[in-house]
>>> print(open('model.cif').read())   # mmCIF, C-alpha atoms
data_coords
#
loop_
_atom_site.label_atom_id
_atom_site.label_comp_id
_atom_site.auth_asym_id
_atom_site.auth_seq_id
_atom_site.Cartn_x
_atom_site.Cartn_y
_atom_site.Cartn_z
CA MET A 159 127.94 76.95 141.86
CA LEU A 160 128.94 76.47 138.23
CA GLU A 161 132.32 78.19 138.71
CA SER A 162 133.45 75.51 141.18
CA LYS A 163 132.46 72.79 138.69
CA LEU A 164 134.81 74.43 136.16
CA ASP A 165 137.61 74.27 138.73
CA ASP A 166 136.77 70.57 139.24
CA ILE A 167 137.30 69.93 135.53
CA LEU A 168 140.82 71.38 135.78
CA ASP A 169 141.54 69.48 139.00
CA GLN A 170 140.53 66.18 137.40
CA VAL A 171 142.30 66.52 134.05
CA ASP A 172 144.90 63.86 134.86
CA GLU A 173 142.36 61.44 136.35
CA ARG A 174 139.65 61.61 133.70
CA GLU A 175 139.66 61.15 129.97
CA TYR A 176 138.55 64.65 129.05
CA MET A 177 138.93 65.80 125.50
CA ILE A 178 141.57 68.54 125.67
CA ALA A 179 142.45 70.91 122.85
CA TYR A 180 144.15 74.25 122.44
CA LEU A 181 144.58 77.12 120.04
CA ASP A 182 147.99 77.42 118.39
CA PHE A 183 149.31 80.17 116.17
CA PHE A 184 151.80 77.95 114.34
CA PRO A 185 151.04 74.83 112.27
CA LYS A 186 153.58 72.72 114.15
CA THR A 187 154.00 73.10 117.90
CA PHE A 188 157.38 74.52 118.87
CA GLN A 189 159.69 72.20 120.79
CA PHE A 190 160.80 73.43 124.22
CA ASP A 191 164.47 73.30 123.25
CA ASN A 192 164.03 75.59 120.22
CA ASP A 193 166.37 78.55 120.78
CA LYS A 194 164.44 80.74 118.32
CA PHE A 195 161.09 80.44 120.10
CA ASP A 196 161.67 83.25 122.64
CA GLU A 197 162.72 85.62 119.90
CA PHE A 198 159.75 84.62 117.76
CA GLU A 199 157.33 84.97 120.69
CA THR A 200 158.59 88.49 121.46
CA PHE A 201 158.21 89.41 117.79
CA MET A 202 154.65 88.03 117.79
CA GLN A 203 153.72 90.00 120.90
CA GLU A 204 155.05 93.26 119.49
CA GLU A 205 153.72 92.90 115.97
CA TYR A 206 150.57 90.76 116.09
CA TYR A 207 148.94 90.71 119.54
CA ASN A 208 146.73 93.70 118.74
CA ASP A 209 145.25 91.78 115.81
CA TYR A 210 145.18 88.53 117.80
CA SER A 211 143.28 90.19 120.64
CA LYS A 212 140.37 90.87 118.29
CA LYS A 213 140.45 87.32 116.97
CA ILE A 214 140.56 85.72 120.43
CA SER A 215 137.64 87.93 121.49
CA TRP A 216 135.70 86.90 118.38
CA ILE A 217 136.24 83.19 119.10
CA ILE A 218 135.17 83.47 122.75
CA MET A 219 132.18 85.68 122.05
CA GLY A 220 131.13 83.36 119.23
CA LEU A 221 131.16 80.37 121.58
CA VAL A 222 129.21 82.11 124.33
CA SER A 223 126.66 83.27 121.76
CA TYR A 224 126.17 79.76 120.40
CA TYR A 225 125.91 77.83 123.69
CA GLU A 226 124.33 78.43 127.05
CA SER A 227 127.32 79.95 128.82
CA GLU A 228 128.76 81.61 131.87
CA ILE A 229 132.04 83.57 132.10
CA TYR A 230 134.11 84.00 135.26
CA LEU A 231 137.29 85.94 135.97
CA ASP A 232 140.36 84.07 137.20
CA GLU A 233 140.91 84.72 140.87
CA VAL A 234 143.70 87.31 140.91
CA ASP A 235 143.94 90.93 141.99
CA TYR A 236 143.19 92.88 138.82
CA LYS A 237 144.11 96.23 140.39
CA ASP A 238 140.76 97.38 139.03
CA GLU A 239 138.01 97.79 141.60
CA ARG A 240 135.24 97.05 139.11
CA LEU A 241 136.82 93.79 137.95
CA ASN A 242 137.67 92.74 141.49
CA ARG A 243 134.00 93.24 142.46
CA LEU A 244 133.02 90.84 139.65
CA LEU A 245 135.12 87.91 140.94
CA HIS A 246 132.90 84.81 141.27
CA GLU A 247 130.14 86.48 139.27
CA ASN A 248 128.94 85.47 135.80
CA LEU A 249 130.17 88.36 133.66
CA LEU A 250 127.31 87.79 131.22
CA ASP A 251 124.92 88.87 134.01
CA TYR A 252 126.68 92.20 134.52
CA LEU A 253 128.44 93.25 131.32
CA GLU A 254 127.52 93.68 127.69
CA TYR A 255 129.42 91.80 124.98
CA ARG A 256 131.36 94.93 124.05
CA GLU A 257 132.66 95.29 127.64
CA ILE A 258 133.62 91.61 127.86
CA SER A 259 135.38 91.89 124.51
CA LYS A 260 137.42 94.85 125.82
CA ILE A 261 138.46 92.76 128.84
CA ILE A 262 139.56 89.89 126.58
CA LYS A 263 141.57 92.24 124.38
CA HIS A 264 143.23 93.79 127.42
CA PHE A 265 144.16 90.33 128.76
CA CYS A 266 145.66 89.43 125.39
CA LEU A 267 147.75 92.56 125.00
CA HIS A 268 149.00 92.58 128.59
CA GLU A 269 149.42 88.80 129.02
CA GLU A 270 147.20 88.94 132.09
CA SER A 271 145.29 86.14 133.67
CA GLY A 272 142.01 85.56 132.04
CA LEU A 273 138.67 83.83 132.06
CA LYS A 274 136.96 80.54 132.79
CA ILE A 275 134.10 80.01 130.38
CA ALA A 276 131.40 77.39 130.90
CA LEU A 277 129.76 75.98 127.78
CA ILE A 278 126.67 73.90 128.45
CA ASP A 279 125.45 71.44 125.82
CA LYS A 280 122.61 69.24 127.04
CA ASP A 281 124.03 67.48 130.13
CA ASN A 282 127.67 68.28 129.37
CA LEU A 283 129.71 71.03 130.99
CA ALA A 284 132.77 72.09 129.01
CA LEU A 285 135.46 74.54 130.05
CA VAL A 286 137.15 77.07 127.82
CA LEU A 287 140.14 78.48 129.67
CA TYR A 288 141.58 81.79 128.54
CA GLU A 289 144.87 82.55 130.28
CA GLY A 290 145.80 85.82 128.57
CA GLY A 291 147.98 86.35 125.53
CA ILE A 292 146.88 83.77 122.99
CA ARG A 293 146.58 80.91 125.50
CA LEU A 294 143.13 79.45 124.87
CA SER A 295 142.37 75.83 125.76
CA PHE A 296 139.29 73.63 125.71
CA TYR A 297 138.31 70.84 128.11
CA ASN A 298 135.54 68.24 127.96
CA LEU A 299 133.94 69.47 124.72
CA THR A 300 131.18 67.39 123.18
CA ALA A 301 131.58 66.49 119.51
CA SER A 302 129.25 69.37 118.61
CA GLN A 303 131.14 71.86 120.80
CA ARG A 304 134.44 70.65 119.38
CA GLU A 305 133.20 71.18 115.82
CA VAL A 306 132.01 74.73 116.53
CA ALA A 307 135.16 75.65 118.49
CA GLU A 308 137.44 74.26 115.80
CA LYS A 309 135.62 76.13 113.04
CA LEU A 310 135.78 79.40 114.98
CA VAL A 311 139.50 78.95 115.71
CA ILE A 312 140.33 78.09 112.10
CA SER A 313 138.18 80.94 110.76
CA GLN A 314 140.44 83.36 112.63
CA GLY A 315 143.63 81.94 111.12
CA PHE A 316 144.71 79.79 114.09
CA TYR A 317 145.16 76.05 114.46
CA PHE A 318 142.96 73.85 116.68
CA LYS A 319 145.05 71.05 118.16
CA GLU A 320 144.07 68.18 120.40
CA ALA A 321 146.33 67.52 123.34
CA ARG A 322 144.97 63.99 123.78
#
>>> encode(input="model.cif", output="structure tokens")
Amino acid sequence: MLESKLDDILDQVDEREYMIAYLDFFPKTFQFDNDKFDEFETFMQEEYYNDYSKKISWIIMGLVSYYESEIYLDEVDYKDERLNRLLHENLLDYLEYREISKIIKHFCLHEESGLKIALIDKDNLALVLYEGGIRLSFYNLTASQREVAEKLVISQGFYFKEAR
């Protein structure tokens, strides 16, 4: 099953030389010892997450429209019977884009666990991991996938940064 292969990518991150990147909202990554970060993050959540939720949705939906894709929910109890029934199912088989976009926006605004997105490009399987809020990361992208992802991220006013 493709979902288990996505989990394998995460399990092997330290062992393999995957290309890893992430979306950032600030041009320079905050240091962990920055006392102002918590205050700034709270401000961002209160003032900008509604706008960010639309942008994150646009990025994800753009990627799944461009590449052969599958989308899976993280395995948590969503306290929503419909979502819980869709665990381990490709959301693209059951929901329209508008419904998936609403889920993404909800996850952003409520900082809830998110989605595992498979992007298939020829023989390569890449993972886009959405962990709620504005936590969006990319694993094992091909050069073509990286270019498209980076352009989508930048077009929405975010920064695309490589972790290694």
>>> residues_around(input="model.cif", residues="Leu299 of chain A", least_positions_apart="2", cutoff="8 Å", atoms="all atoms listed in the file", output="list in words")
Tyr176, Met177, Ile178, Asn282, Leu283, Ala284, Leu285, Phe296, Tyr297, Ala301, Ser302, Gln303 and Arg304 of chain A
>>> write_last_selection(input="model.cif", atoms="C-alpha atoms", output="mmCIF file, keeping the file's coordinate frame")
data_model
loop_
_atom_site.group_PDB
_atom_site.id
_atom_site.type_symbol
_atom_site.label_atom_id
_atom_site.label_comp_id
_atom_site.auth_asym_id
_atom_site.auth_seq_id
_atom_site.Cartn_x
_atom_site.Cartn_y
_atom_site.Cartn_z
ATOM 1 C CA TYR A 176 138.550 64.650 129.050
ATOM 2 C CA MET A 177 138.930 65.800 125.500
ATOM 3 C CA ILE A 178 141.570 68.540 125.670
ATOM 4 C CA ASN A 282 127.670 68.280 129.370
ATOM 5 C CA LEU A 283 129.710 71.030 130.990
ATOM 6 C CA ALA A 284 132.770 72.090 129.010
ATOM 7 C CA LEU A 285 135.460 74.540 130.050
ATOM 8 C CA PHE A 296 139.290 73.630 125.710
ATOM 9 C CA TYR A 297 138.310 70.840 128.110
ATOM 10 C CA ALA A 301 131.580 66.490 119.510
ATOM 11 C CA SER A 302 129.250 69.370 118.610
ATOM 12 C CA GLN A 303 131.140 71.860 120.800
ATOM 13 C CA ARG A 304 134.440 70.650 119.380
#
>>> residues_around(input="model.cif", residues="Val222 of chain A", least_positions_apart="3", cutoff="12 Å", atoms="only C-alpha atoms", output="PyMOL selection string")
chain A and resi 215-219+225-229+248-250+255+258-259+274-279+284-286+303+306-307+310
>>> resolve_selection(input="model.cif", expression="the PyMOL selection byres ((chain A and resi 262) around 8)", output="PyMOL selection string")
chain A and resi 211+214-215+258-261+263-266+272+290
>>> closest_residue(input="model.cif", among="A:Gln203, A:Gln189, A:Thr300, A:Ser295", to="Tyr317 of chain A", atoms="only C-alpha atoms")
A:Ser295
>>> resolve_selection(input="model.cif", expression="the PyMOL selection byres ((chain A and resi 318) around 9)", output="ChimeraX atom specification")
/A:179-183,307-309,311-312,316-317,319-320
>>> atom_distance(input="model.cif", atom1="atom CA of Ile292 of chain A", atom2="atom CA of Glu247 of chain A")
23.5 Å
>>> atom_distance(input="model.cif", atom1="atom CA of Leu160 of chain A", atom2="atom CA of Glu257 of chain A")
21.9 Å
>>> atom_distance(input="model.cif", atom1="atom CA of Glu175 of chain A", atom2="atom CA of Leu231 of chain A")
25.6 Å
>>> residues_around(input="model.cif", residues="Leu168 of chain A", least_positions_apart="3", cutoff="10 Å", atoms="all atoms listed in the file", output="PyMOL selection string")
chain A and resi 163-165+171-172+176+285+287+297-298
>>> resolve_selection(input="model.cif", expression="the PyMOL selection byres ((chain A and resi 232) around 9)", output="number ranges by chain")
A: 230-231, 233-234, 245-246, 271-274, 289
>>> closest_residue(input="model.cif", among="A:Asp235, A:Asp193, A:Asp169, A:Glu254", to="Glu270 of chain A", atoms="only C-alpha atoms")
A:Asp235
>>> closest_residue(input="model.cif", among="A:Ser223, A:Asn242, A:Phe184, A:Glu173", to="Glu199 of chain A", atoms="all atoms listed in the file")
A:Phe184
